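start-v7.tsv follows (TSV, C-alpha atoms):
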chain	number	residue	atom	x	y	z
A	1	MET	CA	112.76	72.27	-83.64
A	2	THR	CA	116.06	71.53	-85.37
A	3	GLN	CA	116.95	69.49	-88.43
A	4	ASP	CA	118.25	66.74	-86.12
A	5	VAL	CA	114.99	66.62	-84.16
A	6	PHE	CA	112.98	66.52	-87.39
A	7	ASP	CA	115.19	63.72	-88.73
A	8	ARG	CA	114.81	61.71	-85.52
A	9	MET	CA	111.02	62.13	-85.52
A	10	ILE	CA	110.66	60.83	-89.08
A	11	SER	CA	113.31	58.12	-88.68
A	12	ASP	CA	111.63	56.79	-85.53
A	13	LYS	CA	108.32	56.43	-87.38
A	14	LEU	CA	109.67	55.29	-90.75
A	15	LYS	CA	108.57	51.67	-90.45
A	16	LEU	CA	105.05	52.74	-89.42
A	17	ILE	CA	104.88	55.26	-92.29
A	18	ARG	CA	106.00	52.57	-94.73
A	19	THR	CA	103.52	50.05	-93.33
A	20	GLU	CA	100.66	52.55	-93.41
A	21	ALA	CA	101.43	53.16	-97.10
A	22	GLU	CA	101.55	49.39	-97.70
A	23	LEU	CA	105.03	49.55	-99.22
A	24	THR	CA	107.73	46.92	-99.16
A	25	GLN	CA	111.17	47.81	-97.88
A	26	ASP	CA	112.50	47.58	-101.45
A	27	ARG	CA	109.86	49.99	-102.80
A	28	MET	CA	110.29	52.47	-99.93
A	29	ALA	CA	114.07	52.46	-100.30
A	30	ASP	CA	113.69	53.14	-104.04
A	31	MET	CA	111.23	55.97	-103.42
A	32	ILE	CA	113.50	57.86	-101.05
A	33	GLY	CA	116.80	57.03	-102.77
A	34	ILE	CA	118.50	54.91	-100.13
A	35	SER	CA	119.61	51.30	-100.07
A	36	LYS	CA	117.43	48.62	-98.53
A	37	LYS	CA	120.26	47.95	-96.07
A	38	THR	CA	120.14	51.57	-94.88
A	39	LEU	CA	116.35	51.41	-94.61
A	40	VAL	CA	116.59	48.31	-92.42
A	41	GLN	CA	119.16	50.02	-90.18
A	42	VAL	CA	116.86	53.03	-89.79
A	43	GLU	CA	113.81	50.86	-89.06
A	44	LYS	CA	115.81	49.03	-86.38
A	45	GLY	CA	116.79	52.35	-84.79
A	46	ARG	CA	120.51	51.92	-85.48
A	47	GLN	CA	120.80	55.12	-87.53
A	48	THR	CA	118.66	57.94	-88.87
A	49	LEU	CA	117.78	58.83	-92.43
A	50	GLY	CA	119.50	62.19	-92.33
A	51	PHE	CA	117.63	65.45	-92.75
A	52	THR	CA	117.35	65.36	-96.55
A	53	ALA	CA	115.81	61.89	-96.73
A	54	SER	CA	113.59	62.64	-93.71
A	55	ALA	CA	112.34	65.78	-95.44
A	56	LEU	CA	111.56	63.77	-98.56
A	57	VAL	CA	109.62	61.18	-96.55
A	58	ALA	CA	107.67	63.92	-94.78
A	59	VAL	CA	106.75	65.58	-98.06
A	60	LEU	CA	105.88	62.37	-99.92
A	61	PHE	CA	103.74	61.08	-97.05
A	62	ARG	CA	102.45	64.43	-95.72
A	63	HIS	CA	98.84	63.27	-96.04
A	64	SER	CA	99.40	60.07	-94.05
A	65	GLU	CA	97.82	59.83	-90.62
A	66	LEU	CA	101.22	59.36	-88.97
A	67	VAL	CA	102.84	62.41	-90.52
A	68	GLN	CA	99.70	64.45	-89.89
A	69	SER	CA	99.75	63.38	-86.23
A	70	MET	CA	103.32	64.70	-85.92
A	71	PHE	CA	103.10	67.93	-87.92
A	72	GLY	CA	99.46	68.58	-88.73
A	73	ASP	CA	98.99	70.40	-92.01
A	74	SER	CA	102.31	72.22	-91.72
A	75	VAL	CA	104.96	69.85	-93.07
A	76	LEU	CA	106.20	72.24	-95.76
A	77	GLU	CA	106.12	75.21	-93.41
A	78	ILE	CA	108.06	73.31	-90.74
A	79	LEU	CA	110.63	72.13	-93.29
A	80	ASP	CA	111.10	75.69	-94.47
A	81	LEU	CA	111.46	76.85	-90.88
A	82	VAL	CA	114.09	74.30	-89.87
A	83	SER	CA	115.92	74.58	-93.20
A	84	THR	CA	116.32	78.35	-93.35
A	85	LYS	CA	115.73	81.47	-91.35
A	86	ALA	CA	112.13	82.62	-91.67
A	87	ARG	CA	111.75	85.53	-94.05
A	88	SER	CA	109.35	88.40	-93.52
A	89	LYS	CA	107.23	88.51	-96.67
A	90	VAL	CA	103.89	87.18	-97.71
A	91	TRP	CA	104.19	83.58	-98.90
A	92	TYR	CA	100.74	82.21	-99.62
A	93	LYS	CA	97.14	82.23	-98.52
A	94	THR	CA	96.42	79.82	-95.66
A	95	MET	CA	93.17	78.21	-94.61
A	96	GLY	CA	93.10	80.45	-91.54
A	97	GLY	CA	94.13	77.89	-88.97
A	98	LYS	CA	90.78	76.57	-87.85
A	99	VAL	CA	92.08	73.06	-87.14
A	100	TRP	CA	95.78	73.09	-86.21
A	101	TRP	CA	96.23	76.60	-84.83
A	102	THR	CA	95.21	78.58	-81.75
A	103	GLU	CA	95.07	82.35	-81.70
A	104	GLU	CA	97.61	83.81	-79.29
A	105	ARG	CA	97.20	87.50	-80.01
A	106	ARG	CA	95.54	89.86	-82.47
A	107	ASP	CA	96.91	93.30	-83.34
A	108	GLY	CA	95.07	95.30	-85.96
A	109	SER	CA	94.72	93.17	-89.07
A	110	TYR	CA	97.39	90.64	-87.99
A	111	ILE	CA	96.94	87.47	-85.96
A	112	LEU	CA	99.63	85.58	-84.06
A	113	GLN	CA	98.84	81.86	-83.99
A	114	LYS	CA	100.50	78.88	-82.30
A	115	HIS	CA	100.51	75.41	-83.88
A	116	ILE	CA	98.86	72.94	-81.50
A	117	LEU	CA	101.23	70.05	-82.30
A	118	THR	CA	104.63	71.58	-82.95
A	119	GLY	CA	104.33	74.78	-80.91
A	120	HIS	CA	105.75	77.05	-83.61
A	121	TYR	CA	104.23	80.46	-84.28
A	122	ARG	CA	103.01	82.23	-87.38
A	123	ILE	CA	101.50	85.56	-88.26
A	124	ILE	CA	98.65	85.77	-90.75
A	125	ASP	CA	96.48	88.70	-91.74
A	126	THR	CA	92.69	88.81	-91.59
A	127	ASP	CA	92.60	87.59	-95.22
A	128	TYR	CA	94.63	84.55	-94.04
A	129	TYR	CA	97.86	85.39	-95.89
A	130	LEU	CA	100.99	84.12	-94.13
A	131	HIS	CA	103.49	86.87	-93.27
A	132	TYR	CA	105.91	85.29	-90.83
A	133	TYR	CA	106.69	82.24	-88.73
A	134	SER	CA	109.17	81.36	-86.02
A	135	LEU	CA	109.96	78.87	-83.30
A	136	GLU	CA	110.35	81.71	-80.79
A	137	LYS	CA	107.30	83.43	-79.29
A	138	LYS	CA	109.28	86.52	-78.32
A	139	GLU	CA	110.53	86.90	-81.88
A	140	ALA	CA	107.01	86.38	-83.29
A	141	CYS	CA	105.53	88.97	-80.90
A	142	ARG	CA	108.20	91.47	-81.94
A	143	ARG	CA	107.40	90.87	-85.60
A	144	LEU	CA	103.65	91.21	-84.90
A	145	ARG	CA	104.27	94.66	-83.40
A	146	GLU	CA	106.37	95.65	-86.43
A	147	LEU	CA	103.72	94.50	-88.88
A	148	SER	CA	100.84	96.19	-87.09
A	149	THR	CA	102.54	99.62	-86.93
Show how you would write the structure in this file as structure tokens.
Amino acid sequence: MTQDVFDRMISDKLKLIRTEAELTQDRMADMIGISKKTLVQVEKGRQTLGFTASALVAVLFRHSELVQSMFGDSVLEILDLVSTKARSKVWYKTMGGKVWWTEERRDGSYILQKHILTGHYRIIDTDYYLHYYSLEKKEACRRLRELST
């Protein structure tokens, strides 16, 4: 996934996200820092929000059914992934991936998982701490081998 793809996904669903939240165009525009005119253009499919505004919408409405249906519980993780190169350090403790993740491989105390909606990969340990994530399976498998040795 790229920033452009993320932007297009959010922009295409903006009107539905706004409607689900029961917000007027004026209120939504104010919340995300754009003009109402720009919001209307995005809702009509004539332009996109741009990555920064799309990221803000995704974060603000990350608990909405629409955003959850696109990204599951991983909005912040996906934003970090498309914004920067993934770093190899422990970030935070996860819930273990019982809902949005499938186990691809296990090596020692590390587990490679694949997100069921977005298809990106992550490595957690048996205590559910996140160590790595990537869009590329080959890269994730390489990192899994490094971590487990």
Item to complete: Would you list the contacts of Ala55 (chain A) as a PyMOL selection string, taking every protein, DNA or RNA residue within 8 Å and counting only C-alpha atoms, but skipping same-chain residues closer than 3 positions in sequence?
Response: chain A and resi 7+51-52+58-59+79
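Between CA of Leu66 (chain A) and CA of Lys13 (chain A) the interatomic distance comes to 7.8 Å.
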Which polymer residues, protein or nucleic acid, are no farther than 12 Å from (99.8, 74.3, -81.1), counting only C-alpha atoms, as a PDB file with C-alpha atoms, in the coordinates of the input?
ATOM      1  CA  MET A  70     103.320  64.700 -85.920  1.00  0.00           C
ATOM      2  CA  PHE A  71     103.100  67.930 -87.920  1.00  0.00           C
ATOM      3  CA  GLY A  72      99.460  68.580 -88.730  1.00  0.00           C
ATOM      4  CA  ASP A  73      98.990  70.400 -92.010  1.00  0.00           C
ATOM      5  CA  SER A  74     102.310  72.220 -91.720  1.00  0.00           C
ATOM      6  CA  GLY A  97      94.130  77.890 -88.970  1.00  0.00           C
ATOM      7  CA  LYS A  98      90.780  76.570 -87.850  1.00  0.00           C
ATOM      8  CA  VAL A  99      92.080  73.060 -87.140  1.00  0.00           C
ATOM      9  CA  TRP A 100      95.780  73.090 -86.210  1.00  0.00           C
ATOM     10  CA  TRP A 101      96.230  76.600 -84.830  1.00  0.00           C
ATOM     11  CA  THR A 102      95.210  78.580 -81.750  1.00  0.00           C
ATOM     12  CA  GLU A 103      95.070  82.350 -81.700  1.00  0.00           C
ATOM     13  CA  GLU A 104      97.610  83.810 -79.290  1.00  0.00           C
ATOM     14  CA  LEU A 112      99.630  85.580 -84.060  1.00  0.00           C
ATOM     15  CA  GLN A 113      98.840  81.860 -83.990  1.00  0.00           C
ATOM     16  CA  LYS A 114     100.500  78.880 -82.300  1.00  0.00           C
ATOM     17  CA  HIS A 115     100.510  75.410 -83.880  1.00  0.00           C
ATOM     18  CA  ILE A 116      98.860  72.940 -81.500  1.00  0.00           C
ATOM     19  CA  LEU A 117     101.230  70.050 -82.300  1.00  0.00           C
ATOM     20  CA  THR A 118     104.630  71.580 -82.950  1.00  0.00           C
ATOM     21  CA  GLY A 119     104.330  74.780 -80.910  1.00  0.00           C
ATOM     22  CA  HIS A 120     105.750  77.050 -83.610  1.00  0.00           C
ATOM     23  CA  TYR A 121     104.230  80.460 -84.280  1.00  0.00           C
ATOM     24  CA  ARG A 122     103.010  82.230 -87.380  1.00  0.00           C
ATOM     25  CA  LEU A 135     109.960  78.870 -83.300  1.00  0.00           C
ATOM     26  CA  LYS A 137     107.300  83.430 -79.290  1.00  0.00           C
TER      27      LYS A 137
END
Worksheet, complete the sentence: A straight line from CA of Ser64 (chain A) to CA of Asp4 (chain A) spans 21.5 Å
